[in-house]
Structures are given as structure tokens and as C-alpha cells.
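Student: Dumping the structure here so I can ask a few things about it.
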Amino acid sequence: MQMIPSHSKFIEETRFGNWFLKSATWKVSVLCRALTDLQRLMPPEVARFPKIVDVGCGFGHSFDELARRFSPDTIVGLDADPNLQMRAGETAAACIKPVRLHVANAAHIDWPDKDFDLVLCHQTFHHIVEQDAAMAEFFRILKPGGTLLFAESTRRYIHSLPIRLLFRHPMEVQRTAEEYLAMIREVGFYLPDDRVSMPYLWWSRPDIGFLEWIGLPVPLKREETLINAVAIKPS
């Protein structure tokens with residue numbers, strides 16, 4: 001495993017947020033469920049991606065999942081946290097595929113053009129202030145025909161009271177599902193409607209699923225709280 005240093009401004013998550021990111025709920029109900037949904041949306045003809053970057057890799061819980069699902073030759077775990085080695089070094093070293101850790105701001109990735117086959121951005125984008133620049137970087141570092149797996153919470157969820165109290169986010173940059181889709185398409189990605197999913201999972205609701213638990217129906221008319229999208233860089 002190689003650690004590549006870089007310098008960028010980083011805002012630390014709350015103590016609760018860091019605890020949650022290491023919990024079984026995060027790994028199973030958030031990360032794995034999103035990856036399974038994204039795989040369902042992917043074009044069937046491509047199943048292996050030699051070089052993958054996980055943007056906002058955090059504690060590295062995605063590494064084993066990416067290795068198992070996509071058989072890469074290399075995984076790069078990218079995060080703005082200057083303590084990335086301490087956070088994700090153990091999971092990187094234990095992964096069945098080679099993992100490199102790279103500290104960088106997603107809006108300013110010091111990596112060559114057309115270098116990756118797949119970019120995973122899972123529950124990271126709502127932490128990024130320069131979102132347009134970050135999306136342009138995703139497009140730049142992907143090879144022609146490369147894939148962006150985008151899984152994100154929307155403004156409705158990030159602005160809800162429980163999330164405001166327990167986590168730390170730049171509130172002024174949050175977007176709706178429709179605005180995220182427009183951003184992805186405007187930078188040049190091919191993203192048809194049949195490669196978009198908007199699940200309404202219990203943990204993404206303002207009531208954390210309580211109303212459904214007591215027997216009330218899930219509302220059919222609602223502002224979406226999650227978006228999963230599979231976007232392709234045109235060849």
C-alpha cells in the first residue's frame with residue numbers, strides 16, 4: 001500500500017458522524033445497499049473495471065466490496081481527510097486487491113486525465129463545497145466509456161432536523177435529486193432515466209422510518225431524499 005500526500009482544507013465530521021460511518025448500519029443498509037442498486041442499473045456488458053477510485057473513501061469500507069464486485073487491478077481511496085492513513089490504512093492493507101490511499105480535495109484531484117475506469121462517489125458529494133468543479137474532475141479523470149457510480153443524499157434529507165443535529169455539512173450547497181441529475185448531464189455524462197434510482201429508505205426519511213413502523217403508508221408524493229445514478233463518459 002502506498003500513501004500519496006496532498007494538502008487541502010478539510011472540515012472534520014462530528015463524533016457521532018464518525019461513529020456512524022463505522023457502524024454495521026452504514027456498511028449494510030447504506031453502503032452495500034447502494035452498491036447493489038447501482039450494479040442493477042449498470043450496463044450488463046461491462047462487469048470488470050481495472051482501475052477504480054473511491055472518492056471520499058472514509059474508513060475504507062467500500063474497498064472489499066469494490067474488489068469483490070468489480071475485480072479491479074487497483075483501487076485508489078481518495079479522501080480530503082489528512083488523517084486518511086490512520087482512518088483507512090488497515091482496511092486498505094487487508095483488501096484482497098491493491099489499494100493506494102490518496103489525500104486530495106475532490107474538486108482539485110492531482111491525477112492525470114483519462115486514468116480511471118470507474119469513479120465511485122458514495123455519500124460524499126454533500127460534503128463538497130465546490131460541487132461543479134468536483135463533477136468536472138470526475139469526468140476528466142475517467143477514460144472514455146468510463147463509469148461514474150453516484151449515490152447521494154439530497155437537500156431534503158441533509159436539511160432535516162436529525163441530520164442537522166448529528167452531522168456536519170455545508171448546508172448552502174445541497175441540491176435536489178433533479179438538480180444533481182442536471183449537474184451530471186451538463187458536465188457531459190450520458191445518463192438516461194433508466195439508469196437512475198430514487199429509493200426511499202428508512203434511514204433517509206426525516207422520521208427515520210417511524211411512521212411506516214407504526215403502520216402508516218409511505219407517501220407516494222414526496223421530495224426525494226436519495227439518488228443513485230450510473231453515468232457513462234461518452235467514448
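Letters A, B, ... mark the chains of the C-alpha cells in the order given; residue numbers begin at 1 per chain; ligand numbers begin at 1, in order shown.
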Taking the backbone alone, and naming residues the way the document does, which bits of stretch 22-148 of chain A are alpha helix (DSSP H) by DSSP, as a PyMOL selection string?
Tutor: chain A and resi 24-25+33-41+62-70+84-94+131-141
Student: For stretch 69-73 of chain A, work out the shell of residues within 7 Å, counting only C-alpha atoms and skipping chain neighbours fewer than 4 positions away, then give it as a PyMOL selection string.
Tutor: chain A and resi 47-52+65+97-98
Student: Go through stretch 44-145 of chain A residue by residue and, counting only C-alpha atoms, keep those with an atom at most 8 Å from stretch 17-27 of chain A; for each kept residue give the shortest atom pair and its distance in Å to one decimal, ordered by chain and increasing number, as JSON lines.
Tutor:
```
{"residue": "A:Gly58", "atom": "CA", "partner": "A:Leu21", "partner_atom": "CA", "distance": 7.9}
{"residue": "A:Phe59", "atom": "CA", "partner": "A:Lys22", "partner_atom": "CA", "distance": 7.2}
{"residue": "A:His61", "atom": "CA", "partner": "A:Lys27", "partner_atom": "CA", "distance": 6.9}
```
Student: Write out as a list of chain:residue names which residues come within 8 Å of stretch 126-133 of chain A when counting only C-alpha atoms, dropping same-chain ones fewer than 4 positions away.
Tutor: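 The residues that qualify are A:Ala106, A:Ala107, A:His108, A:Glu137, A:Glu152, A:Ser153, A:Thr154, A:Ile158, A:His169, A:Pro170, A:Val173, A:Gln174, A:Met183.
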Student: Counting only C-alpha atoms, which residues of stretch 23-136 of chain A sit at most 9 Å from some atom of stretch 189-202 of chain A, and what is each one's closest atom pair with its distance in Å to one decimal, listed by chain and rising residue number, as JSON lines?
Tutor:
```
{"residue": "A:Ser29", "atom": "CA", "partner": "A:Leu201", "partner_atom": "CA", "distance": 8.7}
{"residue": "A:Asp37", "atom": "CA", "partner": "A:Ser197", "partner_atom": "CA", "distance": 7.8}
{"residue": "A:Leu38", "atom": "CA", "partner": "A:Ser197", "partner_atom": "CA", "distance": 8.2}
{"residue": "A:Arg40", "atom": "CA", "partner": "A:Arg195", "partner_atom": "CA", "distance": 8.7}
{"residue": "A:Leu41", "atom": "CA", "partner": "A:Arg195", "partner_atom": "CA", "distance": 5.0}
{"residue": "A:Met42", "atom": "CA", "partner": "A:Arg195", "partner_atom": "CA", "distance": 6.9}
{"residue": "A:Pro43", "atom": "CA", "partner": "A:Arg195", "partner_atom": "CA", "distance": 8.6}
```
Student: Tell me, in Å to one decimal, how far atom CA of A:Ala231 is from atom CA of A:Phe116.
Tutor: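 Between atom CA of A:Ala231 and atom CA of A:Phe116 the gap works out to 14.0 Å.
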Student: Name the residues of stretch 150-224 of chain A that come out as strand (DSSP E) in a backbone DSSP run; write them as a list of chain:residue names.
Tutor: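 Taking stretch 150-224 of chain A and keeping strand (DSSP E) gives A:Phe150, A:Ala151, A:Glu152, A:Ser153, A:Val196, A:Ser197.
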Student: Kindly give the distance, in Å, that separates atom CA of A:Asp79 and atom CA of A:His102, rounded to a single decimal.
Tutor: 6.6 Å
Student: Do you know which residues are at most 9 Å from A:Leu181 counting only C-alpha atoms, after dropping those on the same chain fewer than 2 positions away, and could you put them as a ChimeraX atom specification?
Tutor: /A:176-179,183-186,191,196,227,229
Student: Quick one: residues within 8 Å of A:Tyr157, only C-alpha atoms, excluding same-chain residues fewer than 3 positions away - as a ChimeraX atom specification?
Tutor: /A:153-154,160,163,204-206,225-226
Student: From the list A:Gly89, A:Pro44, A:Gly77, A:Pro234, which residue is nearest A:Gly146 when using only C-alpha atoms?
Tutor: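 Of all the options, A:Pro234 lies closest to A:Gly146.
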